[in-house]
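Colleague: Below is the file start_10.cif, which contains mmCIF, C-alpha atoms.
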data_upload
#
loop_
_atom_site.label_atom_id
_atom_site.label_comp_id
_atom_site.auth_asym_id
_atom_site.auth_seq_id
_atom_site.Cartn_x
_atom_site.Cartn_y
_atom_site.Cartn_z
CA MET A 1 -28.55 -46.71 -12.94
CA SER A 2 -31.85 -48.51 -12.88
CA ASN A 3 -34.86 -47.47 -14.92
CA ASP A 4 -37.05 -48.66 -12.02
CA LEU A 5 -35.28 -46.27 -9.63
CA ILE A 6 -35.69 -43.39 -12.07
CA GLN A 7 -39.39 -44.20 -12.36
CA ASP A 8 -39.69 -44.27 -8.56
CA VAL A 9 -38.22 -40.76 -8.40
CA ARG A 10 -40.49 -39.59 -11.23
CA ASN A 11 -43.47 -41.03 -9.33
CA ALA A 12 -42.46 -39.07 -6.22
CA LEU A 13 -42.21 -35.89 -8.29
CA ASP A 14 -45.61 -36.66 -9.81
CA LYS A 15 -47.10 -36.81 -6.29
CA TRP A 16 -45.60 -33.37 -5.63
CA LEU A 17 -46.97 -31.95 -8.90
CA LYS A 18 -50.47 -33.30 -8.26
CA ALA A 19 -50.54 -32.02 -4.66
CA PHE A 20 -49.29 -28.60 -5.78
CA ASN A 21 -51.87 -28.33 -8.55
CA ARG A 22 -54.63 -29.18 -6.07
CA ASN A 23 -53.13 -26.57 -3.70
CA ASP A 24 -53.23 -29.36 -1.08
CA ILE A 25 -50.70 -28.24 1.51
CA GLU A 26 -50.83 -31.43 3.60
CA ALA A 27 -50.36 -33.75 0.61
CA LEU A 28 -47.55 -31.50 -0.62
CA MET A 29 -45.72 -31.53 2.70
CA ALA A 30 -46.07 -35.33 2.84
CA VAL A 31 -43.66 -35.50 -0.12
CA TYR A 32 -40.96 -33.55 1.74
CA ASP A 33 -38.17 -34.98 3.85
CA PRO A 34 -37.92 -33.38 7.34
CA GLU A 35 -34.47 -32.11 6.32
CA ILE A 36 -35.72 -30.34 3.18
CA VAL A 37 -33.58 -27.50 1.87
CA TYR A 38 -35.50 -25.18 -0.45
CA ALA A 39 -33.42 -22.73 -2.45
CA ASN A 40 -35.80 -20.48 -4.37
CA SER A 41 -34.09 -17.84 -6.50
CA ALA A 42 -36.40 -15.11 -5.18
CA LYS A 43 -35.92 -15.51 -1.40
CA PRO A 44 -33.50 -16.68 1.28
CA ILE A 45 -32.87 -20.40 1.73
CA GLU A 46 -35.53 -22.28 3.70
CA ILE A 47 -34.73 -25.35 5.79
CA GLY A 48 -37.24 -27.73 7.32
CA ILE A 49 -40.88 -28.52 6.64
CA PRO A 50 -42.42 -25.83 8.92
CA VAL A 51 -40.61 -23.01 7.10
CA VAL A 52 -41.22 -24.46 3.64
CA LYS A 53 -44.88 -25.09 4.50
CA GLN A 54 -45.49 -21.45 5.43
CA GLY A 55 -43.99 -20.32 2.13
CA PHE A 56 -46.35 -22.57 0.18
CA ILE A 57 -49.36 -21.50 2.24
CA ASN A 58 -48.56 -17.92 1.22
CA SER A 59 -48.02 -18.94 -2.42
CA PHE A 60 -51.35 -20.76 -2.60
CA ALA A 61 -53.16 -17.40 -2.30
CA ILE A 62 -52.93 -17.12 -6.11
CA LYS A 63 -54.33 -20.67 -6.64
CA PRO A 64 -51.26 -21.64 -8.68
CA LYS A 65 -50.88 -24.44 -11.19
CA VAL A 66 -47.50 -25.73 -12.29
CA PHE A 67 -46.53 -27.11 -15.68
CA PHE A 68 -43.34 -29.17 -15.84
CA LYS A 69 -41.12 -30.46 -18.65
CA GLU A 70 -38.41 -32.95 -17.66
CA GLU A 71 -34.94 -32.44 -19.06
CA GLN A 72 -32.99 -35.06 -17.09
CA ALA A 73 -33.55 -37.74 -14.46
CA ILE A 74 -30.91 -39.82 -12.70
CA ALA A 75 -31.24 -42.25 -9.83
CA VAL A 76 -29.05 -44.64 -7.89
CA GLU A 77 -30.01 -46.72 -4.89
CA GLY A 78 -31.45 -44.32 -2.31
CA LEU A 79 -30.91 -41.04 -4.18
CA GLY A 80 -32.23 -39.49 -7.36
CA TYR A 81 -32.95 -36.20 -9.03
CA VAL A 82 -35.03 -34.68 -11.75
CA ALA A 83 -34.21 -31.46 -13.57
CA GLY A 84 -36.45 -29.55 -15.91
CA GLN A 85 -38.37 -26.45 -16.85
CA PHE A 86 -41.43 -25.16 -15.04
CA ARG A 87 -44.09 -22.55 -15.45
CA ILE A 88 -46.32 -21.50 -12.57
CA ALA A 89 -49.48 -19.55 -13.29
CA GLY A 90 -52.13 -18.25 -10.93
CA THR A 91 -54.58 -15.43 -10.40
CA ASN A 92 -53.80 -12.26 -8.51
CA PRO A 93 -56.49 -12.16 -5.77
CA GLU A 94 -56.48 -8.35 -5.79
CA ASP A 95 -57.25 -7.70 -9.47
CA GLY A 96 -58.01 -11.11 -11.05
CA ASN A 97 -55.14 -10.86 -13.53
CA GLU A 98 -53.05 -13.90 -14.38
CA ILE A 99 -49.60 -13.89 -12.84
CA GLY A 100 -46.79 -16.38 -13.09
CA GLU A 101 -43.18 -17.18 -13.68
CA SER A 102 -41.01 -19.66 -15.53
CA GLY A 103 -37.69 -21.22 -14.74
CA ARG A 104 -35.64 -24.32 -14.29
CA VAL A 105 -35.68 -26.58 -11.25
CA VAL A 106 -33.60 -29.40 -9.80
CA VAL A 107 -35.25 -31.59 -7.17
CA ILE A 108 -33.37 -34.26 -5.25
CA PHE A 109 -35.17 -37.15 -3.63
CA ARG A 110 -33.84 -39.49 -0.96
CA LYS A 111 -35.32 -42.86 -0.08
CA ASN A 112 -36.10 -43.01 3.64
CA SER A 113 -35.99 -45.98 6.01
CA ASP A 114 -39.66 -46.74 5.23
CA GLY A 115 -38.82 -47.08 1.53
CA ASP A 116 -40.54 -43.81 0.56
CA TRP A 117 -38.90 -41.27 -1.76
CA LYS A 118 -38.91 -37.83 -0.10
CA LEU A 119 -37.90 -34.47 -1.50
CA VAL A 120 -34.75 -33.38 0.31
CA PHE A 121 -33.47 -30.52 -1.91
CA ASP A 122 -35.35 -28.17 -4.23
CA MET A 123 -33.61 -25.39 -6.15
CA ASP A 124 -34.89 -23.21 -8.94
CA ASN A 125 -33.69 -20.33 -11.06
CA ARG A 126 -34.98 -18.08 -13.83
CA PRO A 127 -32.63 -18.45 -16.84
CA PRO A 128 -33.39 -16.83 -20.21
CA ASP A 129 -33.52 -20.11 -22.20
CA VAL A 130 -36.67 -21.54 -20.57
CA THR A 131 -39.36 -22.10 -23.18
CA LEU A 132 -42.43 -22.97 -21.06
#
What's the structure tokens form of this structure?

Modeller:
Amino acid sequence: MSNDLIQDVRNALDKWLKAFNRNDIEALMAVYDPEIVYANSAKPIEIGIPVVKQGFINSFAIKPKVFFKEEQAIAVEGLGYVAGQFRIAGTNPEDGNEIGESGRVVVIFRKNSDGDWKLVFDMDNRPPDVTL
């Protein structure tokens, strides 16, 4: 396991985090692999960029920001993942109140033929031990 590969995967996740926090849908989708599988604990599984994109467009209505704390990162040639805790906070457009949720996430990245790390699997849950 190479530290350089782990850093490459962390850099790809950092691109995702920055795009999400800017609510930049096009930059966010650029991080995804066309075969993305998104398994959110609150809705049915989503497969493919068009479906995932629509979900994020809807989510961006609250102008969310995500905070992330890494718990583990592993990478081998062409494949890597990061697991950690997250907290998403935004503003309810109807009443202006802060809304959000916390949980744990595992994201898997795959290196494509162009040498870019793309998010191919994203799964989260809401366990009771999350501290963010």

Colleague: Work out how far apart CA of Ile62 in chain A and CA of Ile88 in chain A are and give it in Å to one decimal.

Modeller: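 Going from CA of Ile62 in chain A over to CA of Ile88 in chain A covers 10.2 Å.
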
Colleague: Name the residues captured by the PyMOL selection byres ((chain A and resi 80) around 12) when it is applied to the shown file; answer as a PyMOL selection string.

Modeller: chain A and resi 1-13+72-79+81-83+106-111+117-121

Colleague: CA of Asp129 in chain A and CA of Pro64 in chain A are how many Å apart?

Modeller: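 Spanning CA of Asp129 in chain A to CA of Pro64 in chain A is a straight-line distance of 22.4 Å.
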
Colleague: Could you state the separation of CA of Phe60 in chain A and CA of Gln85 in chain A in Å, given to one decimal place?

Modeller: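 Calculated distance between CA of Phe60 in chain A and CA of Gln85 in chain A is 20.1 Å.
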
Colleague: Using all atoms listed in the file, determine which residues lie at most 9 Å from range 35-38 of chain A, disregarding the query and same-chain residues fewer than 5 positions distant; provide the list as a list in words.

Modeller: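 The contact residues come out as Pro44, Ile45, Glu46, Ile47, Gly48, Ile49, Val52, Lys118, Leu119, Val120, Phe121, Asp122, Met123 and Asp124 of chain A.
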
Colleague: Here's the selection I'm unsure about, the PyMOL selection byres ((chain A and resi 24) around 12); applied to the file above, which residues does it give, as a list in words?

Modeller: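 Applying the expression gives Lys15, Trp16, Leu17, Lys18, Ala19, Phe20, Asn21, Arg22, Asn23, Ile25, Glu26, Ala27, Leu28, Met29, Ala30, Val31, Lys53, Phe56, Ile57, Ser59, Phe60, Lys63, Pro64 and Lys65 of chain A.
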
Colleague: Give the padded box for range 45-49 of chain A as lines of an AutoDock Vina configuration file: axis-aligned, covering all atoms listed in the file, 3 Å on each side, centre and edge lengths in Å to one decimal.

Modeller:
center_x = -36.9
center_y = -24.5
center_z = 4.5
size_x = 14.0
size_y = 14.1
size_z = 11.6

Colleague: From the list A:Thr131, A:Glu98, A:Asn58, A:Gly103, which residue is nearest Asn40 in chain A when using all atoms listed in the file?

Modeller: A:Gly103

Colleague: Counting all atoms listed in the file, I want the residues whose atoms come within 8 Å of (-39.2, -12.6, -17.6) in the file frame, returned as a PyMOL selection string.

Modeller: chain A and resi 101-102+126+128

Colleague: Next, dump the selected residues to file, keeping only C-alpha atoms, as a PDB file, keeping the file's coordinate frame.

Modeller:
ATOM      1  CA  GLU A 101     -43.180 -17.180 -13.680  1.00  0.00           C
ATOM      2  CA  SER A 102     -41.010 -19.660 -15.530  1.00  0.00           C
ATOM      3  CA  ARG A 126     -34.980 -18.080 -13.830  1.00  0.00           C
ATOM      4  CA  PRO A 128     -33.390 -16.830 -20.210  1.00  0.00           C
TER       5      PRO A 128
END

Colleague: Point out the residue among A:Ala42, A:Phe67, A:Val51, A:Ala61 with the least atom-to-atom distance to Asn92 in chain A, counting all atoms listed in the file.

Modeller: A:Ala61

Colleague: Considering all atoms listed in the file, can you say which of A:Gly100, A:Glu71, A:Lys43, A:Asp33 comes closest to Gly84 in chain A?

Modeller: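 Under the stated criterion, the closest residue is A:Glu71.
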